[in-house]
file input37.cif (mmCIF, C-alpha atoms)
data_data
#
loop_
_atom_site.group_PDB
_atom_site.id
_atom_site.type_symbol
_atom_site.label_atom_id
_atom_site.label_comp_id
_atom_site.auth_asym_id
_atom_site.auth_seq_id
_atom_site.Cartn_x
_atom_site.Cartn_y
_atom_site.Cartn_z
ATOM 1 C CA MET A 648 13.528 -13.688 14.454
ATOM 2 C CA ASP A 649 11.581 -15.419 17.254
ATOM 3 C CA GLN A 650 11.767 -19.192 17.555
ATOM 4 C CA HIS A 651 7.989 -19.636 17.459
ATOM 5 C CA LEU A 652 7.951 -17.858 14.082
ATOM 6 C CA ILE A 653 10.790 -20.062 12.805
ATOM 7 C CA ASP A 654 8.908 -23.163 13.949
ATOM 8 C CA ASP A 655 5.696 -22.035 12.261
ATOM 9 C CA LEU A 656 7.441 -21.366 8.957
ATOM 10 C CA LYS A 657 8.229 -25.079 8.834
ATOM 11 C CA GLN A 658 4.867 -26.278 10.099
ATOM 12 C CA SER A 659 2.665 -23.970 8.007
ATOM 13 C CA TYR A 660 4.764 -23.412 4.859
ATOM 14 C CA GLY A 661 7.268 -26.253 4.798
ATOM 15 C CA LEU A 662 10.172 -23.819 4.984
ATOM 16 C CA VAL A 663 13.199 -25.060 6.915
ATOM 17 C CA PHE A 664 14.918 -22.013 8.391
ATOM 18 C CA HIS A 665 18.642 -21.482 7.756
ATOM 19 C CA HIS A 666 19.243 -17.860 8.731
ATOM 20 C CA ALA A 667 17.633 -14.410 8.571
ATOM 21 C CA GLU A 668 18.800 -10.869 7.874
ATOM 22 C CA PRO A 669 16.687 -7.949 9.158
ATOM 23 C CA ILE A 670 15.391 -5.477 6.563
ATOM 24 C CA ASN A 671 15.021 -1.987 7.943
ATOM 25 C CA PHE A 672 12.618 -0.530 5.373
ATOM 26 C CA GLY A 673 9.064 -0.028 6.591
ATOM 27 C CA TYR A 674 7.335 1.706 9.471
ATOM 28 C CA MET A 675 6.721 -0.320 12.675
ATOM 29 C CA HIS A 676 6.439 -3.688 10.902
ATOM 30 C CA GLN A 677 9.319 -6.194 11.053
ATOM 31 C CA LYS A 678 10.862 -7.678 7.904
ATOM 32 C CA TRP A 679 13.537 -10.279 7.288
ATOM 33 C CA GLN A 680 15.256 -11.864 4.308
ATOM 34 C CA VAL A 681 15.035 -15.514 5.282
ATOM 35 C CA SER A 682 17.200 -18.250 3.749
ATOM 36 C CA THR A 683 15.420 -21.626 3.675
ATOM 37 C CA ASN A 684 15.531 -25.059 2.084
ATOM 38 C CA ARG A 685 13.463 -23.614 -0.793
ATOM 39 C CA GLY A 686 15.462 -20.459 -1.354
ATOM 40 C CA ASP A 687 15.164 -16.925 -0.023
ATOM 41 C CA PHE A 688 11.897 -15.350 1.108
ATOM 42 C CA LEU A 689 10.783 -12.106 2.647
ATOM 43 C CA VAL A 690 8.897 -12.538 5.917
ATOM 44 C CA LYS A 691 6.910 -9.566 7.168
ATOM 45 C CA ARG A 692 5.402 -9.499 10.650
ATOM 46 C CA PHE A 693 2.685 -6.888 10.933
ATOM 47 C CA SER A 694 2.633 -4.422 13.796
ATOM 48 C CA HIS A 695 -0.657 -4.769 15.666
ATOM 49 C CA LYS A 696 -0.115 -1.231 16.966
ATOM 50 C CA ARG A 697 -0.215 0.082 13.419
ATOM 51 C CA TYR A 698 -2.752 -2.371 11.969
ATOM 52 C CA ASP A 699 -5.654 -3.770 13.997
ATOM 53 C CA ARG A 700 -7.554 -6.862 12.835
ATOM 54 C CA ALA A 701 -10.016 -4.857 10.748
ATOM 55 C CA ARG A 702 -7.149 -3.158 8.923
ATOM 56 C CA LEU A 703 -5.470 -6.515 8.342
ATOM 57 C CA VAL A 704 -8.617 -7.741 6.582
ATOM 58 C CA GLY A 705 -8.122 -4.902 4.115
ATOM 59 C CA ILE A 706 -4.438 -5.791 3.796
ATOM 60 C CA GLU A 707 -5.436 -9.360 2.935
ATOM 61 C CA ARG A 708 -7.546 -8.090 0.040
ATOM 62 C CA ALA A 709 -4.601 -5.991 -1.142
ATOM 63 C CA LEU A 710 -2.234 -8.970 -0.972
ATOM 64 C CA GLN A 711 -4.714 -11.062 -2.924
ATOM 65 C CA ARG A 712 -4.446 -8.421 -5.653
ATOM 66 C CA GLN A 713 -0.670 -8.852 -5.635
ATOM 67 C CA PHE A 714 -1.039 -12.631 -5.888
ATOM 68 C CA TYR A 715 -3.430 -12.198 -8.840
ATOM 69 C CA LEU A 716 -0.956 -9.920 -10.639
ATOM 70 C CA TRP A 717 1.814 -12.475 -10.087
ATOM 71 C CA GLU A 718 -0.451 -15.122 -11.646
ATOM 72 C CA GLN A 719 -0.921 -12.809 -14.641
ATOM 73 C CA GLY A 720 2.849 -12.612 -15.161
ATOM 74 C CA LEU A 721 3.513 -9.120 -13.845
ATOM 75 C CA PRO A 722 6.697 -8.434 -11.834
ATOM 76 C CA CYS A 723 4.951 -8.731 -8.471
ATOM 77 C CA PRO A 724 6.553 -11.312 -6.148
ATOM 78 C CA GLU A 725 4.632 -14.481 -5.376
ATOM 79 C CA ILE A 726 2.960 -14.614 -1.970
ATOM 80 C CA LEU A 727 2.853 -17.998 -0.257
ATOM 81 C CA LEU A 728 -0.672 -18.779 0.879
ATOM 82 C CA PHE A 729 -1.687 -20.471 4.124
ATOM 83 C CA GLU A 730 -5.027 -22.269 3.747
ATOM 84 C CA GLY A 731 -5.705 -20.052 0.733
ATOM 85 C CA GLN A 732 -5.014 -16.791 2.570
ATOM 86 C CA PRO A 733 -2.016 -14.430 2.296
ATOM 87 C CA ILE A 734 -1.746 -13.636 6.030
ATOM 88 C CA ARG A 735 -0.954 -16.248 8.660
ATOM 89 C CA TYR A 736 -2.603 -15.451 12.000
ATOM 90 C CA LEU A 737 -0.337 -17.388 14.317
ATOM 91 C CA ASP A 738 -1.578 -16.079 17.660
ATOM 92 C CA ALA A 739 -3.011 -12.926 19.243
ATOM 93 C CA GLU A 740 0.345 -11.173 18.936
ATOM 94 C CA THR A 741 1.651 -12.487 15.614
ATOM 95 C CA SER A 742 0.349 -12.003 12.084
ATOM 96 C CA TYR A 743 2.744 -12.394 9.194
ATOM 97 C CA MET A 744 3.123 -13.040 5.470
ATOM 98 C CA VAL A 745 5.706 -14.868 3.365
ATOM 99 C CA MET A 746 6.702 -13.630 -0.079
ATOM 100 C CA ALA A 747 9.306 -14.650 -2.633
ATOM 101 C CA PHE A 748 12.367 -12.485 -2.120
ATOM 102 C CA ALA A 749 12.527 -9.960 -4.960
ATOM 103 C CA LEU A 750 15.808 -9.334 -6.724
ATOM 104 C CA GLY A 751 16.696 -5.952 -8.125
ATOM 105 C CA GLU A 752 18.036 -2.544 -7.261
ATOM 106 C CA MET A 753 16.295 0.544 -5.928
ATOM 107 C CA LYS A 754 16.797 3.604 -8.074
ATOM 108 C CA GLY A 755 16.558 7.360 -7.671
ATOM 109 C CA PRO A 756 16.405 10.327 -10.037
ATOM 110 C CA ASP A 757 20.189 10.325 -10.390
ATOM 111 C CA SER A 758 20.491 6.669 -11.429
ATOM 112 C CA VAL A 759 17.286 5.584 -13.171
ATOM 113 C CA THR A 760 17.326 5.562 -16.986
ATOM 114 C CA PRO A 761 14.616 6.596 -19.479
ATOM 115 C CA ALA A 762 14.372 2.977 -20.658
ATOM 116 C CA GLN A 763 13.721 1.795 -17.107
ATOM 117 C CA LEU A 764 11.071 4.479 -16.665
ATOM 118 C CA TYR A 765 9.361 3.539 -19.932
ATOM 119 C CA ASP A 766 9.074 -0.006 -18.593
ATOM 120 C CA LEU A 767 7.834 1.320 -15.250
ATOM 121 C CA GLY A 768 5.110 3.287 -17.024
ATOM 122 C CA GLN A 769 4.003 0.139 -18.835
ATOM 123 C CA VAL A 770 3.987 -1.905 -15.632
ATOM 124 C CA CYS A 771 1.987 0.801 -13.849
ATOM 125 C CA GLY A 772 -0.610 0.844 -16.614
ATOM 126 C CA LYS A 773 -0.871 -2.957 -16.742
ATOM 127 C CA ILE A 774 -1.346 -3.186 -12.959
ATOM 128 C CA GLN A 775 -4.179 -0.662 -13.082
ATOM 129 C CA ARG A 776 -5.851 -2.241 -16.108
ATOM 130 C CA LEU A 777 -5.745 -5.765 -14.669
ATOM 131 C CA LEU A 778 -6.853 -4.743 -11.170
ATOM 132 C CA THR A 779 -9.763 -2.679 -12.428
ATOM 133 C CA LEU A 780 -10.824 -5.569 -14.681
ATOM 134 C CA ARG A 781 -10.604 -8.018 -11.770
ATOM 135 C CA GLU A 782 -12.505 -5.818 -9.339
ATOM 136 C CA GLY A 783 -15.087 -5.107 -12.024
ATOM 137 C CA GLN A 784 -15.745 -8.837 -12.182
ATOM 138 C CA ILE A 785 -15.888 -9.163 -8.386
ATOM 139 C CA HIS A 786 -18.091 -6.076 -7.977
ATOM 140 C CA SER A 787 -19.764 -6.248 -11.394
ATOM 141 C CA ASP A 788 -23.158 -5.337 -9.941
ATOM 142 C CA ASP A 789 -21.965 -1.949 -8.741
ATOM 143 C CA LEU A 790 -18.336 -1.132 -9.550
ATOM 144 C CA GLN A 791 -19.022 2.593 -9.454
ATOM 145 C CA ARG A 792 -20.235 2.422 -5.855
ATOM 146 C CA TYR A 793 -17.067 0.519 -4.984
ATOM 147 C CA LEU A 794 -15.032 3.282 -6.595
ATOM 148 C CA GLN A 795 -16.755 5.881 -4.402
ATOM 149 C CA ARG A 796 -14.022 5.134 -1.876
ATOM 150 C CA SER A 797 -12.126 7.644 -4.028
ATOM 151 C CA ASP A 798 -15.091 10.024 -4.180
ATOM 152 C CA PRO A 799 -13.969 13.495 -5.412
ATOM 153 C CA GLN A 800 -16.150 15.301 -2.880
ATOM 154 C CA SER A 801 -14.518 13.388 -0.025
ATOM 155 C CA THR A 802 -11.077 14.145 -1.463
ATOM 156 C CA LEU A 803 -11.869 17.844 -1.688
ATOM 157 C CA SER A 804 -13.349 18.015 1.821
ATOM 158 C CA ALA A 805 -10.374 16.192 3.354
ATOM 159 C CA LEU A 806 -7.936 18.480 1.542
ATOM 160 C CA ARG A 807 -9.586 21.694 2.673
ATOM 161 C CA GLU A 808 -10.234 20.538 6.239
ATOM 162 C CA THR A 809 -6.567 19.647 6.630
ATOM 163 C CA PHE A 810 -5.516 23.267 6.234
ATOM 164 C CA GLU A 811 -8.342 24.856 8.246
ATOM 165 C CA ILE A 812 -6.299 24.824 11.465
ATOM 166 C CA ASP A 813 -4.489 27.250 13.713
ATOM 167 C CA PHE A 814 -0.762 26.932 14.240
ATOM 168 C CA PRO A 815 0.069 24.589 17.125
ATOM 169 C CA ASP A 816 2.524 25.922 19.674
ATOM 170 C CA GLY A 817 6.192 25.398 18.953
ATOM 171 C CA VAL A 818 5.963 24.511 15.247
ATOM 172 C CA SER A 819 8.800 25.433 12.905
ATOM 173 C CA GLU A 820 8.771 28.473 10.646
ATOM 174 C CA ASP A 821 9.179 26.159 7.639
ATOM 175 C CA TYR A 822 5.960 24.392 8.572
ATOM 176 C CA LYS A 823 4.109 27.689 8.977
ATOM 177 C CA ALA A 824 5.284 28.833 5.554
ATOM 178 C CA ALA A 825 4.257 25.559 3.915
ATOM 179 C CA LEU A 826 0.834 25.651 5.567
ATOM 180 C CA LEU A 827 0.213 29.249 4.560
ATOM 181 C CA ALA A 828 1.143 28.404 0.978
ATOM 182 C CA ALA A 829 -0.975 25.245 0.857
ATOM 183 C CA LYS A 830 -4.200 26.677 2.269
ATOM 184 C CA PRO A 831 -5.110 29.025 -0.633
ATOM 185 C CA LEU A 832 -4.106 26.380 -3.150
ATOM 186 C CA ALA A 833 -6.414 23.845 -1.473
ATOM 187 C CA GLU A 834 -9.231 26.382 -1.784
ATOM 188 C CA GLN A 835 -8.558 26.712 -5.527
ATOM 189 C CA VAL A 836 -8.972 22.989 -6.226
ATOM 190 C CA THR A 837 -12.510 22.463 -7.516
ATOM 191 C CA LEU A 838 -14.854 19.508 -7.475
ATOM 192 C CA SER A 839 -15.148 19.604 -11.270
ATOM 193 C CA TYR A 840 -11.377 19.305 -11.581
ATOM 194 C CA LEU A 841 -11.263 16.164 -9.435
ATOM 195 C CA GLU A 842 -14.320 14.659 -11.136
ATOM 196 C CA ARG A 843 -12.668 14.698 -14.556
ATOM 197 C CA LEU A 844 -9.639 12.692 -13.353
ATOM 198 C CA PRO A 845 -9.875 8.937 -14.119
ATOM 199 C CA ARG A 846 -10.463 6.592 -11.212
ATOM 200 C CA GLY A 847 -10.071 2.853 -10.820
ATOM 201 C CA LEU A 848 -7.927 0.314 -8.966
ATOM 202 C CA ALA A 849 -4.330 1.348 -8.396
ATOM 203 C CA HIS A 850 -1.230 0.445 -6.396
ATOM 204 C CA GLU A 851 -1.472 3.725 -4.415
ATOM 205 C CA ASP A 852 2.126 3.686 -3.119
ATOM 206 C CA PHE A 853 4.250 3.869 -6.269
ATOM 207 C CA ALA A 854 7.278 5.239 -4.433
ATOM 208 C CA ALA A 855 10.923 4.500 -5.189
ATOM 209 C CA ASP A 856 11.437 2.110 -2.265
ATOM 210 C CA ASN A 857 8.603 -0.118 -3.509
ATOM 211 C CA LEU A 858 10.113 -0.566 -6.981
ATOM 212 C CA LEU A 859 13.134 -2.642 -8.009
ATOM 213 C CA PHE A 860 14.986 -2.598 -11.332
ATOM 214 C CA ASP A 861 17.644 -4.349 -13.360
ATOM 215 C CA GLU A 862 19.373 -2.842 -16.396
ATOM 216 C CA LYS A 863 16.360 -3.594 -18.634
ATOM 217 C CA GLY A 864 13.457 -2.467 -16.485
ATOM 218 C CA VAL A 865 11.253 -3.324 -13.512
ATOM 219 C CA THR A 866 11.974 -6.564 -11.672
ATOM 220 C CA ALA A 867 9.526 -6.136 -8.778
ATOM 221 C CA VAL A 868 6.656 -3.994 -7.549
ATOM 222 C CA VAL A 869 6.119 -4.580 -3.824
ATOM 223 C CA ASP A 870 4.101 -3.283 -0.854
ATOM 224 C CA PHE A 871 0.487 -3.450 -1.986
ATOM 225 C CA ASP A 872 -0.777 -2.524 1.498
ATOM 226 C CA GLN A 873 -2.397 0.694 0.256
ATOM 227 C CA SER A 874 -3.766 -0.630 -3.036
ATOM 228 C CA GLY A 875 -7.408 -0.066 -3.815
ATOM 229 C CA PRO A 876 -9.772 2.376 -5.504
ATOM 230 C CA GLY A 877 -8.132 5.693 -6.252
ATOM 231 C CA TYR A 878 -7.132 8.235 -8.864
ATOM 232 C CA LEU A 879 -5.263 6.286 -11.531
ATOM 233 C CA TRP A 880 -2.855 9.093 -12.284
ATOM 234 C CA HIS A 881 -1.716 9.260 -8.643
ATOM 235 C CA ASP A 882 0.608 6.284 -9.227
ATOM 236 C CA LEU A 883 2.046 8.043 -12.253
ATOM 237 C CA GLY A 884 2.504 11.346 -10.419
ATOM 238 C CA ARG A 885 4.143 9.719 -7.411
ATOM 239 C CA ALA A 886 6.619 7.925 -9.687
ATOM 240 C CA ALA A 887 7.283 11.182 -11.548
ATOM 241 C CA LEU A 888 8.215 12.994 -8.347
ATOM 242 C CA CYS A 889 10.417 10.125 -7.152
ATOM 243 C CA PHE A 890 12.313 9.570 -10.398
ATOM 244 C CA CYS A 891 12.059 12.681 -12.601
ATOM 245 C CA LEU A 892 12.408 15.573 -10.127
ATOM 246 C CA GLN A 893 15.885 16.468 -8.921
ATOM 247 C CA ASP A 894 17.156 19.733 -7.426
ATOM 248 C CA GLY A 895 13.896 21.474 -8.257
ATOM 249 C CA GLN A 896 13.961 20.555 -11.956
ATOM 250 C CA PHE A 897 12.086 17.931 -13.963
ATOM 251 C CA ASP A 898 14.134 15.746 -16.275
ATOM 252 C CA LEU A 899 11.874 16.038 -19.317
ATOM 253 C CA LYS A 900 13.423 13.079 -21.133
ATOM 254 C CA LYS A 901 12.752 10.790 -18.182
ATOM 255 C CA ALA A 902 9.274 12.242 -17.623
ATOM 256 C CA ALA A 903 8.400 11.684 -21.284
ATOM 257 C CA ALA A 904 9.639 8.071 -21.128
ATOM 258 C CA LEU A 905 7.507 7.348 -18.038
ATOM 259 C CA ALA A 906 4.451 8.940 -19.647
ATOM 260 C CA GLU A 907 4.919 7.135 -22.969
ATOM 261 C CA GLY A 908 5.268 3.773 -21.272
ATOM 262 C CA TYR A 909 2.044 4.383 -19.361
ATOM 263 C CA ARG A 910 0.313 5.745 -22.476
ATOM 264 C CA SER A 911 1.092 2.525 -24.362
ATOM 265 C CA VAL A 912 -1.258 0.704 -21.966
ATOM 266 C CA GLN A 913 -3.638 3.229 -20.398
ATOM 267 C CA PRO A 914 -5.231 6.446 -21.695
ATOM 268 C CA LEU A 915 -3.173 9.562 -20.989
ATOM 269 C CA PRO A 916 -4.014 12.589 -23.141
ATOM 270 C CA ALA A 917 -1.185 14.766 -24.364
ATOM 271 C CA GLY A 918 -0.390 17.357 -21.709
ATOM 272 C CA ALA A 919 -2.041 15.364 -18.910
ATOM 273 C CA PHE A 920 1.230 14.525 -17.155
ATOM 274 C CA ALA A 921 0.987 17.823 -15.261
ATOM 275 C CA ASP A 922 -2.375 16.725 -13.857
ATOM 276 C CA ALA A 923 -0.800 13.482 -12.644
ATOM 277 C CA VAL A 924 1.605 15.608 -10.617
ATOM 278 C CA ARG A 925 -1.204 17.885 -9.389
ATOM 279 C CA VAL A 926 -3.470 15.065 -8.224
ATOM 280 C CA THR A 927 -0.533 13.690 -6.271
ATOM 281 C CA TRP A 928 -0.440 16.994 -4.397
ATOM 282 C CA CYS A 929 -4.216 16.867 -3.836
ATOM 283 C CA ILE A 930 -3.888 13.465 -2.170
ATOM 284 C CA GLU A 931 -0.538 13.766 -0.408
ATOM 285 C CA ALA A 932 -0.424 17.369 0.816
ATOM 286 C CA ALA A 933 -2.523 16.343 3.803
ATOM 287 C CA TRP A 934 -0.089 13.491 4.523
ATOM 288 C CA TRP A 935 3.203 15.361 4.445
ATOM 289 C CA ILE A 936 2.469 18.970 5.387
ATOM 290 C CA LYS A 937 2.406 18.221 9.094
ATOM 291 C CA PRO A 938 4.588 19.574 11.931
ATOM 292 C CA CYS A 939 6.289 16.193 12.459
ATOM 293 C CA PHE A 940 7.730 16.261 8.938
ATOM 294 C CA PHE A 941 9.522 19.563 9.379
ATOM 295 C CA GLY A 942 12.440 20.488 11.597
ATOM 296 C CA ASP A 943 14.529 17.376 12.278
ATOM 297 C CA CYS A 944 12.741 15.196 9.726
ATOM 298 C CA SER A 945 15.087 13.211 7.469
ATOM 299 C CA GLY A 946 15.173 10.360 4.963
ATOM 300 C CA LYS A 947 12.346 9.510 2.622
ATOM 301 C CA THR A 948 9.701 11.368 4.624
ATOM 302 C CA LYS A 949 11.732 14.559 4.212
ATOM 303 C CA ARG A 950 11.927 13.972 0.467
ATOM 304 C CA PHE A 951 8.175 13.344 0.223
ATOM 305 C CA ARG A 952 7.509 16.558 2.121
ATOM 306 C CA GLU A 953 9.920 18.516 -0.082
ATOM 307 C CA GLU A 954 8.302 17.112 -3.226
ATOM 308 C CA VAL A 955 4.799 18.052 -2.109
ATOM 309 C CA VAL A 956 5.879 21.542 -1.091
ATOM 310 C CA TRP A 957 7.632 21.941 -4.454
ATOM 311 C CA VAL A 958 4.467 20.994 -6.364
ATOM 312 C CA GLY A 959 2.488 23.561 -4.410
ATOM 313 C CA GLU A 960 5.040 26.252 -5.153
ATOM 314 C CA ASN A 961 5.081 25.390 -8.875
ATOM 315 C CA TRP A 962 1.409 24.494 -9.404
ATOM 316 C CA GLY A 963 0.716 27.253 -11.909
ATOM 317 C CA ARG A 964 3.913 26.601 -13.879
ATOM 318 C CA LEU A 965 3.562 22.848 -14.332
ATOM 319 C CA ASP A 966 1.863 23.029 -17.730
ATOM 320 C CA ALA A 967 4.602 25.216 -19.197
ATOM 321 C CA MET A 968 7.303 23.226 -17.411
ATOM 322 C CA LEU A 969 6.133 19.827 -18.638
ATOM 323 C CA GLY A 970 4.840 20.913 -22.026
ATOM 324 C CA ASN A 971 2.864 18.374 -24.020
ATOM 325 C CA ILE A 972 3.994 15.284 -22.058
#

call {"tool": "encode", "arguments": {"input": "input37.cif", "output": "structure tokens"}}
result
Amino acid sequence: MDQHLIDDLKQSYGLVFHHAEPINFGYMHQKWQVSTNRGDFLVKRFSHKRYDRARLVGIERALQRQFYLWEQGLPCPEILLFEGQPIRYLDAETSYMVMAFALGEMKGPDSVTPAQLYDLGQVCGKIQRLLTLREGQIHSDDLQRYLQRSDPQSTLSALRETFEIDFPDGVSEDYKAALLAAKPLAEQVTLSYLERLPRGLAHEDFAADNLLFDEKGVTAVVDFDQSGPGYLWHDLGRAALCFCLQDGQFDLKKAAALAEGYRSVQPLPAGAFADAVRVTWCIEAAWWIKPCFFGDCSGKTKRFREEVVWVGENWGRLDAMLGNI
């Protein structure tokens, strides 16, 4: 960690630096677990190559949502504010945030329990309910216009345009196969289908590496960078793919626990869990079915790609597979 950042932590936040350990999760940004006179914190320096100033303004709004949820008692780590704002603009090259260091363990489909997933479903529903209530108060004059950022027509157009391309030179056969399979499915998705899916304010990145657990349930939900208006069931579907799908099979007990936890807070009709998985494909197929995520791709991006491809391959069987969940 640079000395000028260490010095500013003391000047701006009153944190006396002891030592720092790099955290290697995250794309392009820099993160550290920093030990200070007031305990451990996570410091995240934003990449200005990835996020320009306009994008950081949006990130500030997202972090303010996280701070609000922390105030409401949800397991979202406290963000330290500088002059009332969650991002400290130190100089032209340095923008960063400071957050309480979250304790807990990341889980996967092989280690997470149904009880932990029930709690996760509840937390997901509470986050969405509270955020939509808050934004409804902020944008009470026209909440529906604000929610048009998740306009179904825009979603449908983006999905179809993504797959209306010729094969670039040198792409892998796996990518070609995935693209050929995705294109007709994208054409089958209708506007009426998307319009009947509930929309509101959501986390929008409910992936396994943004969720921490202890033996009882969720200890922390982090990384609100993408939060905003969206399809509410996308969070649920993303969590389902991360935690309930393993080796091409859904763990129905875990899926039911996740759905029931969510259903205890937010509306989820019986049998709608399959649509949570489908809407995740509608949003994420354009993200992960790209040449760069085939071939030598590894780690979590490979898993995301494999999950999206799997949903496309099993689209018509999801209702029978998931039953009345």

call {"tool": "residues_around", "arguments": {"input": "input37.cif", "residues": "Ala854 of chain A", "least_positions_apart": "5", "cutoff": "7 Å", "atoms": "only C-alpha atoms", "output": "NGL selection string"}}
result
:A and (885-886 or 889)

call {"tool": "atom_distance", "arguments": {"input": "input37.cif", "atom1": "atom CA of Lys691 of chain A", "atom2": "atom CA of Asp655 of chain A"}}
result
13.5 Å

call {"tool": "atom_distance", "arguments": {"input": "input37.cif", "atom1": "atom CA of Gly661 of chain A", "atom2": "atom CA of Arg702 of chain A"}}
result
27.5 Å

call {"tool": "closest_atom_pairs", "arguments": {"input": "input37.cif", "of": "segment 780-867 of chain A", "to": "segment 744-764 of chain A", "cutoff": "10 Å", "atoms": "all atoms listed in the file", "output": "JSON lines"}}
result
{"residue": "A:Ala855", "atom": "CA", "partner": "A:Lys754", "partner_atom": "CA", "distance": 6.6}
{"residue": "A:Asp856", "atom": "CA", "partner": "A:Met753", "partner_atom": "CA", "distance": 6.3}
{"residue": "A:Asn857", "atom": "CA", "partner": "A:Met753", "partner_atom": "CA", "distance": 8.1}
{"residue": "A:Leu858", "atom": "CA", "partner": "A:Met753", "partner_atom": "CA", "distance": 6.4}
{"residue": "A:Leu859", "atom": "CA", "partner": "A:Gly751", "partner_atom": "CA", "distance": 4.9}
{"residue": "A:Phe860", "atom": "CA", "partner": "A:Gly751", "partner_atom": "CA", "distance": 4.9}
{"residue": "A:Asp861", "atom": "CA", "partner": "A:Gly751", "partner_atom": "CA", "distance": 5.6}
{"residue": "A:Glu862", "atom": "CA", "partner": "A:Gln763", "partner_atom": "CA", "distance": 7.3}
{"residue": "A:Lys863", "atom": "CA", "partner": "A:Gln763", "partner_atom": "CA", "distance": 6.2}
{"residue": "A:Gly864", "atom": "CA", "partner": "A:Gln763", "partner_atom": "CA", "distance": 4.3}
{"residue": "A:Val865", "atom": "CA", "partner": "A:Gln763", "partner_atom": "CA", "distance": 6.7}
{"residue": "A:Thr866", "atom": "CA", "partner": "A:Gly751", "partner_atom": "CA", "distance": 5.9}
{"residue": "A:Ala867", "atom": "CA", "partner": "A:Ala749", "partner_atom": "CA", "distance": 6.2}

call {"tool": "closest_residue", "arguments": {"input": "input37.cif", "among": "A:Ile972, A:Leu915, A:Ile936, A:Val690", "to": "Asp898 of chain A", "atoms": "only C-alpha atoms"}}
result
A:Ile972

call {"tool": "resolve_selection", "arguments": {"input": "input37.cif", "expression": "the PyMOL selection byres ((chain A and resi 828) around 12)", "output": "list in words"}}
result
Phe810, Asp821, Tyr822, Lys823, Ala824, Ala825, Leu826, Leu827, Ala829, Lys830, Pro831, Leu832, Ala833, Glu834, Gln835, Ala932, Ile936, Val955, Val956, Trp957, Val958, Gly959, Glu960, Asn961 and Trp962 of chain A

call {"tool": "atom_distance", "arguments": {"input": "input37.cif", "atom1": "atom CA of Ser801 of chain A", "atom2": "atom CA of Glu842 of chain A"}}
result
11.2 Å

call {"tool": "closest_residue", "arguments": {"input": "input37.cif", "among": "A:Tyr878, A:Tyr698, A:Phe729, A:Phe714", "to": "Lys657 of chain A", "atoms": "only C-alpha atoms"}}
result
A:Phe729

call {"tool": "decode", "arguments": {"input": "input37.cif", "residues": "segment 950-963 of chain A", "atoms": "N, CA and C atoms", "output": "PDB file, in the first residue's frame"}}
result
ATOM      1  N   ARG A 950     -16.680 -20.773 -14.347  1.00  0.00           N
ATOM      2  CA  ARG A 950     -17.894 -21.320 -13.730  1.00  0.00           C
ATOM      3  C   ARG A 950     -19.128 -20.543 -14.166  1.00  0.00           C
ATOM      4  N   PHE A 951     -19.061 -19.217 -14.183  1.00  0.00           N
ATOM      5  CA  PHE A 951     -20.203 -18.427 -14.638  1.00  0.00           C
ATOM      6  C   PHE A 951     -20.586 -18.813 -16.064  1.00  0.00           C
ATOM      7  N   ARG A 952     -19.594 -18.930 -16.919  1.00  0.00           N
ATOM      8  CA  ARG A 952     -19.876 -19.310 -18.311  1.00  0.00           C
ATOM      9  C   ARG A 952     -20.523 -20.687 -18.378  1.00  0.00           C
ATOM     10  N   GLU A 953     -19.989 -21.637 -17.609  1.00  0.00           N
ATOM     11  CA  GLU A 953     -20.547 -22.994 -17.621  1.00  0.00           C
ATOM     12  C   GLU A 953     -21.979 -23.004 -17.093  1.00  0.00           C
ATOM     13  N   GLU A 954     -22.259 -22.182 -16.083  1.00  0.00           N
ATOM     14  CA  GLU A 954     -23.612 -22.121 -15.544  1.00  0.00           C
ATOM     15  C   GLU A 954     -24.589 -21.578 -16.570  1.00  0.00           C
ATOM     16  N   VAL A 955     -24.203 -20.504 -17.256  1.00  0.00           N
ATOM     17  CA  VAL A 955     -25.083 -19.897 -18.246  1.00  0.00           C
ATOM     18  C   VAL A 955     -25.324 -20.852 -19.416  1.00  0.00           C
ATOM     19  N   VAL A 956     -24.276 -21.501 -19.874  1.00  0.00           N
ATOM     20  CA  VAL A 956     -24.438 -22.475 -20.952  1.00  0.00           C
ATOM     21  C   VAL A 956     -25.359 -23.611 -20.501  1.00  0.00           C
ATOM     22  N   TRP A 957     -25.198 -24.056 -19.277  1.00  0.00           N
ATOM     23  CA  TRP A 957     -26.044 -25.139 -18.747  1.00  0.00           C
ATOM     24  C   TRP A 957     -27.514 -24.737 -18.738  1.00  0.00           C
ATOM     25  N   VAL A 958     -27.809 -23.505 -18.302  1.00  0.00           N
ATOM     26  CA  VAL A 958     -29.201 -23.045 -18.290  1.00  0.00           C
ATOM     27  C   VAL A 958     -29.778 -23.052 -19.697  1.00  0.00           C
ATOM     28  N   GLY A 959     -28.997 -22.582 -20.666  1.00  0.00           N
ATOM     29  CA  GLY A 959     -29.477 -22.597 -22.039  1.00  0.00           C
ATOM     30  C   GLY A 959     -29.775 -23.997 -22.534  1.00  0.00           C
ATOM     31  N   GLU A 960     -28.927 -24.932 -22.189  1.00  0.00           N
ATOM     32  CA  GLU A 960     -29.113 -26.317 -22.619  1.00  0.00           C
ATOM     33  C   GLU A 960     -30.320 -26.968 -21.950  1.00  0.00           C
ATOM     34  N   ASN A 961     -30.675 -26.496 -20.747  1.00  0.00           N
ATOM     35  CA  ASN A 961     -31.742 -27.136 -19.970  1.00  0.00           C
ATOM     36  C   ASN A 961     -32.978 -26.256 -19.813  1.00  0.00           C
ATOM     37  N   TRP A 962     -33.074 -25.210 -20.600  1.00  0.00           N
ATOM     38  CA  TRP A 962     -34.159 -24.230 -20.493  1.00  0.00           C
ATOM     39  C   TRP A 962     -35.537 -24.899 -20.449  1.00  0.00           C
ATOM     40  N   GLY A 963     -35.798 -25.769 -21.386  1.00  0.00           N
ATOM     41  CA  GLY A 963     -37.115 -26.386 -21.483  1.00  0.00           C
ATOM     42  C   GLY A 963     -37.395 -27.424 -20.418  1.00  0.00           C
TER      43      GLY A 963
END
